[in-house]
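To start, the structure under review is shown below, and the notes come after it.
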Amino acid sequence: MTHRISRRARMLSAGLAAGVLVPIAAATPAAAAPTVACTSAKAGLAAKLQKDITAAMANRKGAIAIGLYDRTTKTTCTFRATSAYDSASVVKVTVLGALLWDAKKTNRYLTQREADLANAMITKSDNNATTALWKQLGMTKIKGFLTAAGMTHTVPGANGYWGLTQITVQDEQRLLSLVTAKNTVLSDNSRAYILKLMNQVVSSQRWGTPAGAPSTVKVHVKNGWLPRATHGWRVHSVGAFQGGGHDYYMSVLTQDNSSMEYGVATIQAIAKAVHKDLVPTTVAPQRIAPPASPAEAIPPVPAV
């Protein structure tokens, strides 16, 4: 009986005899879409958030990192939480935390000057106020706060360039957890003060993570944006939210954006998915209108 052997089979047989695996052409699988990882104590919520946040990220160019935690349902979502980004003005919440932590150590109130600087730094994202407090604190106190807060992946910007502090979603979520719940690092008064200022951010800077939040939810936000020669625009937003039976906070960091507006759109698509899934409601969402151009002066950074 004659057996016909295909050319493909003969090639494979010869390759094995020679101790060489002959590569056979195969279809290249399509690159998998980025998928956020979620867990929750509430049935079905993790899967819904995973699906909707992943869909919000689909086809968005640039690097994205996400962190979400809801105390009410013990829900966590993360995506590239340990990737480092230039902080831009998001670091201003850390600066305020360090100031209040240091004041607590010495059992003193903020001076009027410090309070004025803190107000301008958070509510208006004033760079000069930030620089003044950064210099006052110095590296020893700033690093001391980071250690006390457990923000082990945050690296302060060198030579006074606070906008180049390296931050991660993991550490930003850690900071928000301290701001929003009782702990030994920040006093209850300090936490209330930080949240008060984050709730009073000027309207032109209330874009980002608040997008899509129902009007029944109280919003606390701090954003940052910075263009550089490498990695384009960094656009970030961190926010804490209480209401509708939920107590949650999220951080979204992005870079390699072609413009500030592009980064804002990416963050807001993700935020809308989060708010919709966590606090489904018939109440109209808060109207968030990102500015046509940044209202904040760009943080001073070295030329590159």
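By convention in this document, the chains of the structure tokens carry letters A, B, ... by their order, each chain's residues are numbered from 1, and ligands are numbered from 1 in the order they are shown.
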
* Asked: Residues at most 12 Å from Gly239 (chain A), counting only C-alpha atoms, excluding those fewer than 4 positions away in the same chain, as a PyMOL selection string?
  -> chain A and resi 66-69+90+93+169+172-173+175-177+179-180+194-195+198-199+201+206-211+213+217-224+247-253+267-268+271+274-275

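Non-sequential neighbours of Ile167 (chain A) (distance at most 6 Å, separation of 3 or more positions within a chain, only C-alpha atoms) are Ala84, Tyr85, Ser87 and Thr154 of chain A.
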
* Which of region 166-296 of chain A fall in alpha helix (DSSP H), as an MDAnalysis selection string -> chainID A and resid 169:180 188:199 260:278

Next, the residues of the selection above should be written as a tab-separated table (two decimals), in the first residue's frame with N, CA and C atoms.
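Writing done, so here's selection_11.tsv:
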chain	number	residue	atom	x	y	z
A	169	VAL	N	-0.29	54.84	41.04
A	169	VAL	CA	-1.69	54.70	41.47
A	169	VAL	C	-1.75	54.04	42.84
A	170	GLN	N	-0.90	53.06	43.06
A	170	GLN	CA	-0.89	52.37	44.34
A	170	GLN	C	-0.71	53.34	45.50
A	171	ASP	N	0.25	54.26	45.37
A	171	ASP	CA	0.50	55.23	46.45
A	171	ASP	C	-0.57	56.30	46.51
A	172	GLU	N	-1.10	56.72	45.37
A	172	GLU	CA	-2.18	57.72	45.39
A	172	GLU	C	-3.42	57.15	46.07
A	173	GLN	N	-3.69	55.89	45.84
A	173	GLN	CA	-4.82	55.24	46.52
A	173	GLN	C	-4.56	55.12	48.02
A	174	ARG	N	-3.32	54.88	48.36
A	174	ARG	CA	-2.95	54.82	49.78
A	174	ARG	C	-3.20	56.17	50.44
A	175	LEU	N	-2.81	57.24	49.77
A	175	LEU	CA	-3.02	58.59	50.31
A	175	LEU	C	-4.50	58.88	50.47
A	176	LEU	N	-5.30	58.55	49.46
A	176	LEU	CA	-6.74	58.80	49.54
A	176	LEU	C	-7.37	57.97	50.66
A	177	SER	N	-6.84	56.78	50.91
A	177	SER	CA	-7.38	55.97	52.00
A	177	SER	C	-7.13	56.64	53.34
A	178	LEU	N	-5.98	57.29	53.49
A	178	LEU	CA	-5.67	57.99	54.73
A	178	LEU	C	-6.51	59.25	54.90
A	179	VAL	N	-6.78	59.92	53.78
A	179	VAL	CA	-7.57	61.15	53.82
A	179	VAL	C	-9.03	60.87	54.16
A	180	THR	N	-9.51	59.68	53.80
A	180	THR	CA	-10.95	59.40	53.91
A	180	THR	C	-11.34	58.47	55.05
A	188	ASP	N	-8.09	63.56	62.59
A	188	ASP	CA	-9.42	63.73	62.01
A	188	ASP	C	-9.61	65.15	61.48
A	189	ASN	N	-9.10	66.13	62.19
A	189	ASN	CA	-9.21	67.52	61.73
A	189	ASN	C	-8.42	67.74	60.44
A	190	SER	N	-7.27	67.12	60.35
A	190	SER	CA	-6.45	67.25	59.15
A	190	SER	C	-7.15	66.64	57.95
A	191	ARG	N	-7.74	65.46	58.16
A	191	ARG	CA	-8.45	64.80	57.07
A	191	ARG	C	-9.62	65.64	56.60
A	192	ALA	N	-10.37	66.17	57.54
A	192	ALA	CA	-11.52	67.01	57.19
A	192	ALA	C	-11.08	68.26	56.43
A	193	TYR	N	-9.93	68.80	56.82
A	193	TYR	CA	-9.40	70.00	56.17
A	193	TYR	C	-9.00	69.71	54.72
A	194	ILE	N	-8.33	68.60	54.50
A	194	ILE	CA	-7.93	68.22	53.14
A	194	ILE	C	-9.16	68.02	52.27
A	195	LEU	N	-10.15	67.29	52.78
A	195	LEU	CA	-11.36	67.04	52.01
A	195	LEU	C	-12.13	68.33	51.73
A	196	LYS	N	-12.13	69.22	52.70
A	196	LYS	CA	-12.81	70.51	52.51
A	196	LYS	C	-12.20	71.27	51.34
A	197	LEU	N	-10.88	71.35	51.29
A	197	LEU	CA	-10.23	72.07	50.20
A	197	LEU	C	-10.42	71.37	48.86
A	198	MET	N	-10.37	70.03	48.85
A	198	MET	CA	-10.57	69.29	47.60
A	198	MET	C	-12.00	69.42	47.10
A	199	ASN	N	-12.93	69.71	48.01
A	199	ASN	CA	-14.32	69.94	47.62
A	199	ASN	C	-14.54	71.35	47.10
A	260	MET	N	-3.87	67.98	26.28
A	260	MET	CA	-4.53	67.90	27.58
A	260	MET	C	-5.95	67.37	27.40
A	261	GLU	N	-6.65	67.87	26.39
A	261	GLU	CA	-8.04	67.49	26.18
A	261	GLU	C	-8.18	65.98	25.94
A	262	TYR	N	-7.21	65.39	25.24
A	262	TYR	CA	-7.27	63.96	24.98
A	262	TYR	C	-7.16	63.18	26.28
A	263	GLY	N	-6.23	63.60	27.14
A	263	GLY	CA	-6.07	62.93	28.43
A	263	GLY	C	-7.30	63.08	29.30
A	264	VAL	N	-7.90	64.27	29.30
A	264	VAL	CA	-9.11	64.51	30.08
A	264	VAL	C	-10.23	63.58	29.61
A	265	ALA	N	-10.37	63.44	28.30
A	265	ALA	CA	-11.43	62.59	27.74
A	265	ALA	C	-11.24	61.14	28.17
A	266	THR	N	-10.00	60.67	28.19
A	266	THR	CA	-9.72	59.30	28.61
A	266	THR	C	-10.13	59.10	30.07
A	267	ILE	N	-9.71	60.02	30.93
A	267	ILE	CA	-10.02	59.91	32.36
A	267	ILE	C	-11.53	59.96	32.59
A	268	GLN	N	-12.20	60.86	31.90
A	268	GLN	CA	-13.64	61.03	32.14
A	268	GLN	C	-14.45	59.85	31.64
A	269	ALA	N	-14.01	59.20	30.58
A	269	ALA	CA	-14.72	58.00	30.11
A	269	ALA	C	-14.64	56.89	31.17
A	270	ILE	N	-13.46	56.76	31.78
A	270	ILE	CA	-13.28	55.76	32.84
A	270	ILE	C	-14.11	56.12	34.06
A	271	ALA	N	-14.07	57.40	34.46
A	271	ALA	CA	-14.82	57.85	35.64
A	271	ALA	C	-16.32	57.64	35.46
A	272	LYS	N	-16.84	57.94	34.30
A	272	LYS	CA	-18.27	57.78	34.06
A	272	LYS	C	-18.69	56.32	34.22
A	273	ALA	N	-17.85	55.41	33.76
A	273	ALA	CA	-18.16	53.98	33.90
A	273	ALA	C	-18.19	53.59	35.37
A	274	VAL	N	-17.25	54.10	36.15
A	274	VAL	CA	-17.18	53.79	37.58
A	274	VAL	C	-18.42	54.30	38.31
A	275	HIS	N	-18.73	55.57	38.13
A	275	HIS	CA	-19.88	56.15	38.84
A	275	HIS	C	-21.19	55.45	38.45
A	276	LYS	N	-21.33	55.13	37.17
A	276	LYS	CA	-22.56	54.49	36.70
A	276	LYS	C	-22.75	53.12	37.34
A	277	ASP	N	-21.66	52.37	37.48
A	277	ASP	CA	-21.76	51.02	38.03
A	277	ASP	C	-21.88	51.01	39.56
A	278	LEU	N	-21.19	51.94	40.22
A	278	LEU	CA	-21.23	51.97	41.69
A	278	LEU	C	-22.50	52.62	42.22

* **Pick from A:Ile64, A:Leu96, A:Leu49, A:Val279, whichever lies nearest to Ser237 (chain A) using only C-alpha atoms** => A:Ile64

* Asked: If we count only C-alpha atoms, what is near region 36-38 of chain A at a cut-off of 8 Å, once residues fewer than 2 positions away on the same chain are taken out, given as an NGL selection string?
  -> :A and (34 or 40 or 46-47 or 49-50 or 53-54 or 75-79)

* Using DSSP on the backbone coordinates, identify all residues within region 68-255 of chain A classified as strand (DSSP E); present the result as a ChimeraX atom specification. => /A:68-70,75-79,85-86,166-167,218-227,233-243,246-255
